[in-house]
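What follows is a single structure, written as structure tokens, with notes after it.
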Amino acid sequence: MSKPTPEVYERGRGMDAHNQVMRDIRAENDDSYDPHEPTRVWIDEDNTPDGVYQSLTIILNTGGCRWARAGGCTMCGYVAESVEGGSVSHEALMDQIQVALDHEAEEADEQSGLIKIYTSGSFLDEREVPAETRRAIAETFADRDRIVVESLPDFVDREKVRDFTEQGLETDVAVGLETATDRVRHDCVNKYFDFADFEDACAEAREAGGGVKAYLLMKPPFLSEQEALEDMQSSVRRCGAVDGCHTVSMNPCNVQRYTMVDELFYEGGYRPPWLWSVAEVLRTTTDVDAIVVSDPVGHGSDRGAHNCGECDDRVQRAIKDFDLRQDPSVFEQVECECEFTWELVLEEEQSFNTPLAR
Amino acid sequence: MTEYFEVHGRDGAARLGELRLDDPVTTPALVDEVVDDAGSLWARERELPEGAADRLTILPHRAFPPGTREPVRESFRVDHPEIDTPSAAVVSSEEARDVGADAYLLSDANAFVGHASAFTDAIIRTREAIPADTALYLSGVATPRNVATLVYAGVDLVDAKKAKVRGAEGFYLTSEGERFLEDLRELPCACSACQQPIAEFGPRDCAEHNVNALRTELRVVRERIREGRLRDYVEGQARHDQWLTAAFREFDQQYGYVEERAPVVREAELAAASGDSIRRPEIQRFAERVTERYRTEFDGPLVLVPCSATKPYSESQSHRQFHDAIQWRGHLASMTSPIGVVPQELELTYPAQQYDTVVTGRWSADEKEFVSAVLRRYLQRNDYDRVIAHVPPGGYTDICETVEPAVDADFEYTVADHPTTDDSLAALSAALEGEEAYRKRTREHRIVRAMADYQLGEGAGAELFPSDEIQTTSRYPKIQIRDAEGEQLATMVPNYGVLSFTTAGARKWAESDAPSKTVEIDEFVPHGSVLAPGVVDADEAIRTGDEVIVSGPKAFGVGRASMFGSEMRESTRGIAVETRHVDEL
């Protein structure tokens, strides 16, 4: 294939375009949020290398992702949930942690062994979460067993990770790798690091005694169902092969407001993946040396991963069951007529006619 | 350059084409079996495919789905390298462009198929951006119900992907609908997939049936194109889905696009069976030419009569009776829906001789409005002292009464009850008492000039065939036109009511100030036909079926256009002109 421009130049142009468009789309949102409240808090169950834990998940409102302010990822609407003005003080962040603890005290019978903190950005970026706040949070949760903090690979630094491991916490950095395929990450997701950076981040986390949980995105825009499926199968394998990456969370893209995906969806050019595709990736990668889980958000709705409407809940239950047991036989127990449609879609759909079925 | 696609026949924007693979495919057609996709560049790097002579290769692509904004399209656009085998390029209708492929596949079809105005815009935008002789391919959208309209709009290639997937989803498709399989009490089809009890008929059978139904519909559509009667079919069939009806109506509003592609003559009948027939480009063009190109030379009264079911009108019993009463003492013009006004000189001219309408005697408001508008324009352009309206009471007289205040001529009504009663005919004859009768020679000369005006443009008749320079021989409707020395210049073609020129006539035309329809060709002498690559230039005004001058450094001749003017200029394949006479220079 002839290439008129060097790859680097081409990437730069694509990135500029994606950023320009994403900025314009995000500008249509004029909501703003209280910096003393976390974006969301919930209690769940999670599979970890040490077994299944009750988990407290906190989406901290930190003023949002710096990359998203430049434009950012084509599917990510979380920036829309960030605060006006962009930065949140130490005191406000600690108020958010308190709200989360209050929520836990109210909703759960016991303390969660696992704490998961996401920021829709990078918890380890000190422009988002100051070092003082990071250490205070590590202390706050010192009595728990495990903690997960979200970060882009650039900010994964052994010293920062050590703030948590020193508290006796099993520490994982959640990295939104999205895909192991650099081309797809760059051109479809508009996320600008390479798989090699992810490998470096895994090495840093290991140095501090921590680990990495890779987050993958199934079916970014511009891919057909089959391409998305293959991208995930190969990504799960490549992540599992990296030392320090002990868990892979493979999540179907959902349609969030004020994103490029939302515009494509609205105009008829995007459909979230089939739940069958999610199940297929999990089923076919059980030999990978890592925990592989998936948590389809908004399953069964037009904006989330879905099948025909009849079987969505059953397939979702099988996926959640697989998350905890890692046993592919859970998928043998769900069947639906729409599997034939899904198979045809895999066979017949190309990026120039997607989506073939709603 | 288009090498592996060729258009062999046209019916408006629809084309009968050939995908020139080792085993050629007659289009419009399903191409599932012959397409190879070299793959998406979004997913990974791709090798430049070699292609194959028996496949249509889709070049490596970055498809922009509907909703992709311009900056993203701009920066991720890929090159479409040329390969030596049949190739298709994936483009968005938002930015279709000529990249040298044989076929163009639109990546945003599933957003505009289903929405009439978006569909119309996308197809016209694309057709204007890609060479006329390339194939237009819509993937993943065709159904038995929509494919006739897709083709009518100018789509050449489709696939069965949507039909299969709908079948899997349990939807049973036919040319007239889409039903949920579970709701069917009987399989409304006799294809091979449907040869079983409905209780045993499952989604796989349904997918197979849907593909069969789509294939069948495409056969119907191809045959309709060959007959020149796709529009007649679409006017009826598209009624089965609102957006399809809206779509062909939207195209009717895009007069520039549809008129350019509408042939000026057809052998086939034109069925004017719905309210939409009035807006067909053929009908609108006839009205336009009658009211803008034609000018009457008769100075006696105008006699307006109702049309007849028999064509040409003059062969009908009623018109013979009118004729016997008029005895050439007035200028006869027929009022008709949906054509408007047909002056007697143009009664053979397409589609006046070919249309067949539904006769009930009831006029719709649309019909009245259209015929009134044409009659008004006709009477404003042509000065008659008297208008004798020999038309039955009702719609016809309503129209006359609507038009009367807007024109100078006085209307006289000669029908009390029915135009062919003895009383009415006597009244008509009496109204013409004392008017001078026209001589046969005068009438024939006027027919020739009227046709020249209609065919070539305003004033062409007077320019080419003034009475003091010509003589007419042979009998109507096969009048031959000769110059004073007896050399033949042109002949009337009775089937379509147009003139066909000899080289002498064409020379006279070329040297005159009459509007030209000239195809300039390269240095060669055509034998039988001029192929598109031999065309150097062609007038914009040329329409399929038009009489054209063929002129080049080595040859001068005359023939009939097989394409429209801009198509001749853009195409690298296909027959541009069927030549009739050629002089080697």
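The way I read the labels, and the way they are meant: chains A, B, ... in the order of the structure tokens, residue 1 as the first residue of every chain, and ligand 1 as the first ligand shown, with later ones counted on from there.
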Inset, instruction - Identify all chain A residues at most 7 Å from chain B by counting only C-alpha atoms; ligands do not count. Present them as a PyMOL selection string. - result: chain A and resi 1+13-14+17-18+183-184+187-188+222-223+227+263-264+267-269+338+340-341+344+348+351-353+356-357
Inset, instruction - Determine, counting only C-alpha atoms, which protein, DNA and RNA residues have an atom within 8 Å of an atom of Glu94 in chain B; residues of the same chain fewer than 6 positions away are not included. Present the result as a list in words. - result: Ala122, Arg125 and Thr126 of chain B
Legend entry - Spatial neighbours of range 327-330 of chain B, 7 Å, only C-alpha atoms, chain gap at least 3 places, as a list in words: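 Within the cut-off, the hits are Gly300, Pro301, Leu302, Val303, His323, Asp324, Leu432, Glu435, Glu436, Ala437 and Tyr438 of chain B.
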Legend entry - Residue set, range 141-171 of chain A restricted to alpha helix (DSSP H), as JSON, numbers by chain: {"A": [158, 159, 160, 161, 162, 163, 164, 165]}
Export of the given selection (N, CA and C atoms) as a compact mmCIF listing (two decimals), in the first residue's frame:
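Done, and the output landed in out00.txt:
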```txt
# COMPACT_ATOMS: atom_id res chain seq x y z
N ARG A 158 7.28 3.93 39.99
CA ARG A 158 7.37 3.00 41.13
C ARG A 158 7.20 3.70 42.47
N GLU A 159 7.68 4.97 42.57
CA GLU A 159 7.57 5.69 43.85
C GLU A 159 6.11 5.96 44.22
N LYS A 160 5.34 6.30 43.23
CA LYS A 160 3.92 6.58 43.50
C LYS A 160 3.20 5.30 43.89
N VAL A 161 3.52 4.23 43.22
CA VAL A 161 2.87 2.95 43.53
C VAL A 161 3.25 2.52 44.95
N ARG A 162 4.52 2.83 45.30
CA ARG A 162 5.00 2.43 46.62
C ARG A 162 4.21 3.10 47.75
N ASP A 163 3.66 4.30 47.51
CA ASP A 163 2.81 4.95 48.52
C ASP A 163 1.73 3.99 49.02
N PHE A 164 1.28 3.12 48.12
CA PHE A 164 0.21 2.18 48.50
C PHE A 164 0.78 0.88 49.03
N THR A 165 1.78 0.35 48.33
CA THR A 165 2.31 -0.95 48.77
C THR A 165 2.92 -0.83 50.18
```
Legend entry - Shell around range 558-562 of chain B at 6 Å using only C-alpha atoms, local window under 2 positions removed, as a PyMOL selection string: chain B and resi 544-550+576-581
Hey, can you spit out that residue selection with N, CA and C atoms as a compact mmCIF listing (two decimals), in the first residue's frame?
```
# COMPACT_ATOMS: atom_id res chain seq x y z
N THR B 544 -29.90 11.43 -24.24
CA THR B 544 -29.96 10.11 -24.83
C THR B 544 -31.10 10.07 -25.84
N GLY B 545 -30.80 9.60 -27.05
CA GLY B 545 -31.82 9.53 -28.09
C GLY B 545 -31.85 10.74 -29.00
N ASP B 546 -31.07 11.76 -28.67
CA ASP B 546 -31.05 12.97 -29.48
C ASP B 546 -30.35 12.74 -30.82
N GLU B 547 -30.83 13.49 -31.81
CA GLU B 547 -30.13 13.56 -33.09
C GLU B 547 -28.89 14.43 -32.88
N VAL B 548 -27.71 13.94 -33.26
CA VAL B 548 -26.49 14.73 -33.04
C VAL B 548 -25.61 14.77 -34.30
N ILE B 549 -24.86 15.86 -34.38
CA ILE B 549 -23.85 15.99 -35.41
C ILE B 549 -22.56 15.37 -34.87
N VAL B 550 -21.90 14.57 -35.67
CA VAL B 550 -20.61 14.02 -35.28
C VAL B 550 -19.57 14.69 -36.15
N ALA B 576 -21.12 6.08 -27.46
CA ALA B 576 -21.61 7.44 -27.25
C ALA B 576 -22.66 7.79 -28.29
N VAL B 577 -22.39 7.41 -29.55
CA VAL B 577 -23.32 7.76 -30.64
C VAL B 577 -23.44 6.57 -31.59
N GLU B 578 -24.67 6.24 -31.96
CA GLU B 578 -24.88 5.30 -33.07
C GLU B 578 -24.95 6.17 -34.32
N THR B 579 -23.95 6.05 -35.17
CA THR B 579 -23.93 6.93 -36.34
C THR B 579 -24.83 6.36 -37.44
N ARG B 580 -25.41 7.27 -38.22
CA ARG B 580 -26.29 6.84 -39.30
C ARG B 580 -25.63 7.08 -40.65
N HIS B 581 -25.10 8.29 -40.81
CA HIS B 581 -24.38 8.61 -42.05
C HIS B 581 -23.07 9.27 -41.66
```
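Considering only C-alpha atoms, the residue among B:Val359, B:Arg97, B:Asp537, B:Asp522 positioned nearest to Lys554 in chain B is B:Asp522.
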Legend entry - Who sits within 8 Å of range 494-511 of chain B, only C-alpha atoms, same chain under 5 positions skipped, as number ranges by chain: B: 265-267, 346-351, 353, 448, 451-452, 455, 464, 477-478, 487-489, 516, 547, 549, 556-558, 581-583
Let me see the file: selected residues, N, CA and C atoms, as a PDB file, in the first residue's frame.
```pdb
ATOM      1  N   VAL B 265     -36.559  10.091 -26.582  1.00  0.00           N
ATOM      2  CA  VAL B 265     -37.527   9.242 -27.286  1.00  0.00           C
ATOM      3  C   VAL B 265     -37.487   7.835 -26.703  1.00  0.00           C
ATOM      4  N   ARG B 266     -38.600   7.182 -26.783  1.00  0.00           N
ATOM      5  CA  ARG B 266     -38.703   5.775 -26.393  1.00  0.00           C
ATOM      6  C   ARG B 266     -39.728   5.128 -27.293  1.00  0.00           C
ATOM      7  N   GLU B 267     -39.520   3.855 -27.567  1.00  0.00           N
ATOM      8  CA  GLU B 267     -40.542   3.111 -28.307  1.00  0.00           C
ATOM      9  C   GLU B 267     -41.666   2.714 -27.374  1.00  0.00           C
ATOM     10  N   LEU B 346     -47.174  18.234 -33.241  1.00  0.00           N
ATOM     11  CA  LEU B 346     -46.344  17.410 -32.359  1.00  0.00           C
ATOM     12  C   LEU B 346     -47.090  16.200 -31.810  1.00  0.00           C
ATOM     13  N   GLU B 347     -48.163  15.815 -32.488  1.00  0.00           N
ATOM     14  CA  GLU B 347     -48.956  14.715 -31.928  1.00  0.00           C
ATOM     15  C   GLU B 347     -48.203  13.373 -31.972  1.00  0.00           C
ATOM     16  N   LEU B 348     -47.164  13.295 -32.783  1.00  0.00           N
ATOM     17  CA  LEU B 348     -46.397  12.044 -32.834  1.00  0.00           C
ATOM     18  C   LEU B 348     -45.199  12.072 -31.898  1.00  0.00           C
ATOM     19  N   THR B 349     -44.907  13.251 -31.395  1.00  0.00           N
ATOM     20  CA  THR B 349     -43.637  13.422 -30.695  1.00  0.00           C
ATOM     21  C   THR B 349     -43.687  12.863 -29.275  1.00  0.00           C
ATOM     22  N   TYR B 350     -42.674  12.078 -28.935  1.00  0.00           N
ATOM     23  CA  TYR B 350     -42.603  11.429 -27.622  1.00  0.00           C
ATOM     24  C   TYR B 350     -42.732  12.444 -26.510  1.00  0.00           C
ATOM     25  N   PRO B 351     -43.513  12.238 -25.491  1.00  0.00           N
ATOM     26  CA  PRO B 351     -44.359  11.065 -25.233  1.00  0.00           C
ATOM     27  C   PRO B 351     -45.823  11.252 -25.642  1.00  0.00           C
ATOM     28  N   GLN B 353     -47.379  10.564 -28.252  1.00  0.00           N
ATOM     29  CA  GLN B 353     -47.935   9.408 -28.950  1.00  0.00           C
ATOM     30  C   GLN B 353     -47.887   8.132 -28.085  1.00  0.00           C
ATOM     31  N   VAL B 448     -42.642  20.220 -39.911  1.00  0.00           N
ATOM     32  CA  VAL B 448     -41.188  20.053 -39.928  1.00  0.00           C
ATOM     33  C   VAL B 448     -40.512  21.091 -39.034  1.00  0.00           C
ATOM     34  N   MET B 451     -41.189  20.419 -35.305  1.00  0.00           N
ATOM     35  CA  MET B 451     -40.358  19.342 -34.772  1.00  0.00           C
ATOM     36  C   MET B 451     -38.924  19.812 -34.558  1.00  0.00           C
ATOM     37  N   ALA B 452     -38.425  20.597 -35.506  1.00  0.00           N
ATOM     38  CA  ALA B 452     -37.054  21.100 -35.369  1.00  0.00           C
ATOM     39  C   ALA B 452     -36.945  21.993 -34.135  1.00  0.00           C
ATOM     40  N   GLN B 455     -37.100  19.748 -31.076  1.00  0.00           N
ATOM     41  CA  GLN B 455     -35.954  18.867 -30.953  1.00  0.00           C
ATOM     42  C   GLN B 455     -34.656  19.634 -30.686  1.00  0.00           C
ATOM     43  N   LEU B 464     -33.426  26.453 -40.145  1.00  0.00           N
ATOM     44  CA  LEU B 464     -33.016  25.338 -41.016  1.00  0.00           C
ATOM     45  C   LEU B 464     -33.954  25.095 -42.194  1.00  0.00           C
ATOM     46  N   PRO B 477     -47.194  10.234 -42.180  1.00  0.00           N
ATOM     47  CA  PRO B 477     -46.218  10.810 -41.243  1.00  0.00           C
ATOM     48  C   PRO B 477     -44.754  10.519 -41.600  1.00  0.00           C
ATOM     49  N   LYS B 478     -44.482  10.293 -42.890  1.00  0.00           N
ATOM     50  CA  LYS B 478     -43.090  10.006 -43.247  1.00  0.00           C
ATOM     51  C   LYS B 478     -42.565  11.092 -44.169  1.00  0.00           C
ATOM     52  N   GLU B 487     -32.163  17.651 -52.926  1.00  0.00           N
ATOM     53  CA  GLU B 487     -31.338  16.809 -52.052  1.00  0.00           C
ATOM     54  C   GLU B 487     -32.009  16.667 -50.686  1.00  0.00           C
ATOM     55  N   GLN B 488     -32.037  15.430 -50.195  1.00  0.00           N
ATOM     56  CA  GLN B 488     -32.726  15.176 -48.930  1.00  0.00           C
ATOM     57  C   GLN B 488     -31.917  15.715 -47.756  1.00  0.00           C
ATOM     58  N   LEU B 489     -32.603  16.411 -46.864  1.00  0.00           N
ATOM     59  CA  LEU B 489     -31.957  16.972 -45.672  1.00  0.00           C
ATOM     60  C   LEU B 489     -32.331  16.193 -44.420  1.00  0.00           C
ATOM     61  N   SER B 516     -26.892  24.002 -31.352  1.00  0.00           N
ATOM     62  CA  SER B 516     -26.157  22.838 -31.843  1.00  0.00           C
ATOM     63  C   SER B 516     -26.188  21.686 -30.855  1.00  0.00           C
ATOM     64  N   GLU B 547     -30.827  13.494 -31.808  1.00  0.00           N
ATOM     65  CA  GLU B 547     -30.133  13.565 -33.086  1.00  0.00           C
ATOM     66  C   GLU B 547     -28.894  14.435 -32.876  1.00  0.00           C
ATOM     67  N   ILE B 549     -24.860  15.860 -34.378  1.00  0.00           N
ATOM     68  CA  ILE B 549     -23.846  15.985 -35.413  1.00  0.00           C
ATOM     69  C   ILE B 549     -22.565  15.368 -34.868  1.00  0.00           C
ATOM     70  N   PHE B 556     -17.293  13.651 -40.853  1.00  0.00           N
ATOM     71  CA  PHE B 556     -18.451  14.451 -40.500  1.00  0.00           C
ATOM     72  C   PHE B 556     -19.667  13.564 -40.713  1.00  0.00           C
ATOM     73  N   GLY B 557     -20.538  13.541 -39.715  1.00  0.00           N
ATOM     74  CA  GLY B 557     -21.696  12.683 -39.889  1.00  0.00           C
ATOM     75  C   GLY B 557     -22.800  13.037 -38.932  1.00  0.00           C
ATOM     76  N   VAL B 558     -23.761  12.117 -38.879  1.00  0.00           N
ATOM     77  CA  VAL B 558     -24.929  12.361 -38.050  1.00  0.00           C
ATOM     78  C   VAL B 558     -25.357  11.020 -37.458  1.00  0.00           C
ATOM     79  N   HIS B 581     -25.096   8.285 -40.814  1.00  0.00           N
ATOM     80  CA  HIS B 581     -24.380   8.613 -42.048  1.00  0.00           C
ATOM     81  C   HIS B 581     -23.067   9.274 -41.658  1.00  0.00           C
ATOM     82  N   VAL B 582     -21.989   8.864 -42.280  1.00  0.00           N
ATOM     83  CA  VAL B 582     -20.698   9.503 -42.014  1.00  0.00           C
ATOM     84  C   VAL B 582     -19.990   9.773 -43.334  1.00  0.00           C
ATOM     85  N   ASP B 583     -19.514  10.993 -43.508  1.00  0.00           N
ATOM     86  CA  ASP B 583     -18.678  11.316 -44.668  1.00  0.00           C
ATOM     87  C   ASP B 583     -17.232  11.365 -44.210  1.00  0.00           C
TER      88      ASP B 583
END
```
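Taking CA of Phe180 in chain B and CA of Ile198 in chain B as endpoints, the distance between them is 12.8 Å.
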Legend entry - Backbone DSSP call of strand (DSSP E) for range 127-318 of chain A, listed as a PyMOL selection string: chain A and resi 146-150+170-178+211-218+245-252+291-293
Write out, as a CSV table (one decimal), in the first residue's frame, the residues just selected, with N, CA and C atoms.
```csv
chain,number,residue,atom,x,y,z
A,146,ARG,N,-6.8,-4.8,49.3
A,146,ARG,CA,-6.3,-4.5,47.9
A,146,ARG,C,-6.8,-3.1,47.5
A,147,ILE,N,-6.0,-2.5,46.6
A,147,ILE,CA,-6.5,-1.2,46.0
A,147,ILE,C,-6.2,-1.2,44.6
A,148,VAL,N,-7.1,-0.6,43.8
A,148,VAL,CA,-6.8,-0.4,42.4
A,148,VAL,C,-6.9,1.1,42.1
A,149,VAL,N,-5.9,1.7,41.5
A,149,VAL,CA,-6.0,3.1,41.1
A,149,VAL,C,-5.8,3.2,39.6
A,150,GLU,N,-6.5,4.1,39.0
A,150,GLU,CA,-6.5,4.2,37.5
A,150,GLU,C,-5.4,5.2,37.1
A,170,GLU,N,-2.2,-4.7,48.7
A,170,GLU,CA,-1.9,-5.3,47.3
A,170,GLU,C,-2.4,-4.2,46.3
A,171,THR,N,-1.5,-3.7,45.5
A,171,THR,CA,-1.8,-2.6,44.7
A,171,THR,C,-1.8,-2.9,43.2
A,172,ASP,N,-2.9,-2.5,42.6
A,172,ASP,CA,-2.9,-2.6,41.1
A,172,ASP,C,-3.2,-1.3,40.5
A,173,VAL,N,-2.5,-1.1,39.4
A,173,VAL,CA,-2.7,0.1,38.6
A,173,VAL,C,-3.6,-0.3,37.4
A,174,ALA,N,-4.7,0.4,37.3
A,174,ALA,CA,-5.7,0.1,36.2
A,174,ALA,C,-5.3,1.0,35.0
A,175,VAL,N,-4.9,0.3,34.0
A,175,VAL,CA,-4.4,1.1,32.8
A,175,VAL,C,-5.4,0.9,31.6
A,176,GLY,N,-5.9,2.0,31.2
A,176,GLY,CA,-6.9,1.9,30.0
A,176,GLY,C,-6.1,1.7,28.7
A,177,LEU,N,-5.7,0.5,28.5
A,177,LEU,CA,-4.9,0.2,27.3
A,177,LEU,C,-5.8,0.2,26.1
A,178,GLU,N,-7.0,-0.2,26.3
A,178,GLU,CA,-8.1,-0.2,25.2
A,178,GLU,C,-7.8,-1.3,24.2
A,211,GLY,N,0.9,-4.6,40.7
A,211,GLY,CA,0.5,-5.2,39.5
A,211,GLY,C,-0.3,-4.3,38.6
A,212,VAL,N,-0.7,-4.8,37.5
A,212,VAL,CA,-1.4,-4.0,36.5
A,212,VAL,C,-2.7,-4.7,36.1
A,213,LYS,N,-3.8,-4.0,36.0
A,213,LYS,CA,-5.0,-4.5,35.5
A,213,LYS,C,-5.3,-3.8,34.2
A,214,ALA,N,-5.2,-4.5,33.1
A,214,ALA,CA,-5.4,-3.9,31.8
A,214,ALA,C,-6.9,-3.7,31.5
A,215,TYR,N,-7.3,-2.6,31.0
A,215,TYR,CA,-8.7,-2.4,30.6
A,215,TYR,C,-8.7,-2.3,29.1
A,216,LEU,N,-9.5,-3.2,28.5
A,216,LEU,CA,-9.6,-3.2,27.0
A,216,LEU,C,-11.0,-2.7,26.6
A,217,LEU,N,-11.0,-2.1,25.4
A,217,LEU,CA,-12.3,-1.6,24.9
A,217,LEU,C,-12.7,-2.4,23.7
A,218,MET,N,-13.8,-3.1,23.8
A,218,MET,CA,-14.2,-3.9,22.6
A,218,MET,C,-15.0,-3.0,21.7
A,245,CYS,N,1.0,-7.9,34.4
A,245,CYS,CA,-0.4,-7.7,34.0
A,245,CYS,C,-1.2,-9.0,34.4
A,246,HIS,N,-1.8,-9.0,35.5
A,246,HIS,CA,-2.4,-10.3,36.0
A,246,HIS,C,-3.9,-10.4,35.7
A,247,THR,N,-4.5,-9.2,35.4
A,247,THR,CA,-5.9,-9.2,35.1
A,247,THR,C,-6.2,-8.4,33.9
A,248,VAL,N,-7.1,-8.8,33.1
A,248,VAL,CA,-7.6,-8.1,31.9
A,248,VAL,C,-9.1,-7.9,32.0
A,249,SER,N,-9.5,-6.6,32.0
A,249,SER,CA,-10.9,-6.4,32.0
A,249,SER,C,-11.3,-5.9,30.6
A,250,MET,N,-12.0,-6.7,29.9
A,250,MET,CA,-12.3,-6.4,28.5
A,250,MET,C,-13.8,-6.0,28.4
A,251,ASN,N,-13.9,-4.7,28.1
A,251,ASN,CA,-15.3,-4.1,28.3
A,251,ASN,C,-15.8,-3.6,26.9
A,252,PRO,N,-17.0,-3.9,26.6
A,252,PRO,CA,-17.6,-3.5,25.4
A,252,PRO,C,-17.8,-2.0,25.4
A,291,ILE,N,-6.4,-13.3,34.7
A,291,ILE,CA,-7.8,-13.3,35.0
A,291,ILE,C,-8.4,-12.4,33.9
A,292,VAL,N,-9.4,-12.9,33.1
A,292,VAL,CA,-10.0,-12.1,32.1
A,292,VAL,C,-11.5,-12.0,32.5
A,293,VAL,N,-11.9,-10.7,32.6
A,293,VAL,CA,-13.2,-10.5,33.0
A,293,VAL,C,-13.9,-9.4,32.1
```
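Note that the spacing between CA of Arg317 in chain A and CA of Cys253 in chain A amounts to 18.1 Å.
Relative to CA of Asp22 in chain B, CA of Ala88 in chain B is found at 16.2 Å.
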Inset, instruction - Please identify all polymer residues within 10 Å of Gly309 in chain A, counting only C-alpha atoms, omitting same-chain residues fewer than 4 positions from it, and present them as a PyMOL selection string. - result: chain A and resi 299-302+313+338
Legend entry - Polymer residues at most 12 Å from Ser474 in chain B, only C-alpha atoms, same-chain spacing of 4 or more positions, as a PyMOL selection string: chain B and resi 441+444+478-482+488+490-492
Inset, instruction - Considering only C-alpha atoms, state which residue in the set B:Tyr104, B:Cys206, B:Thr360, B:Arg261 is at the smallest distance from Arg179 in chain B. - result: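 Distance minimum relative to Arg179 in chain B lands on B:Cys206.
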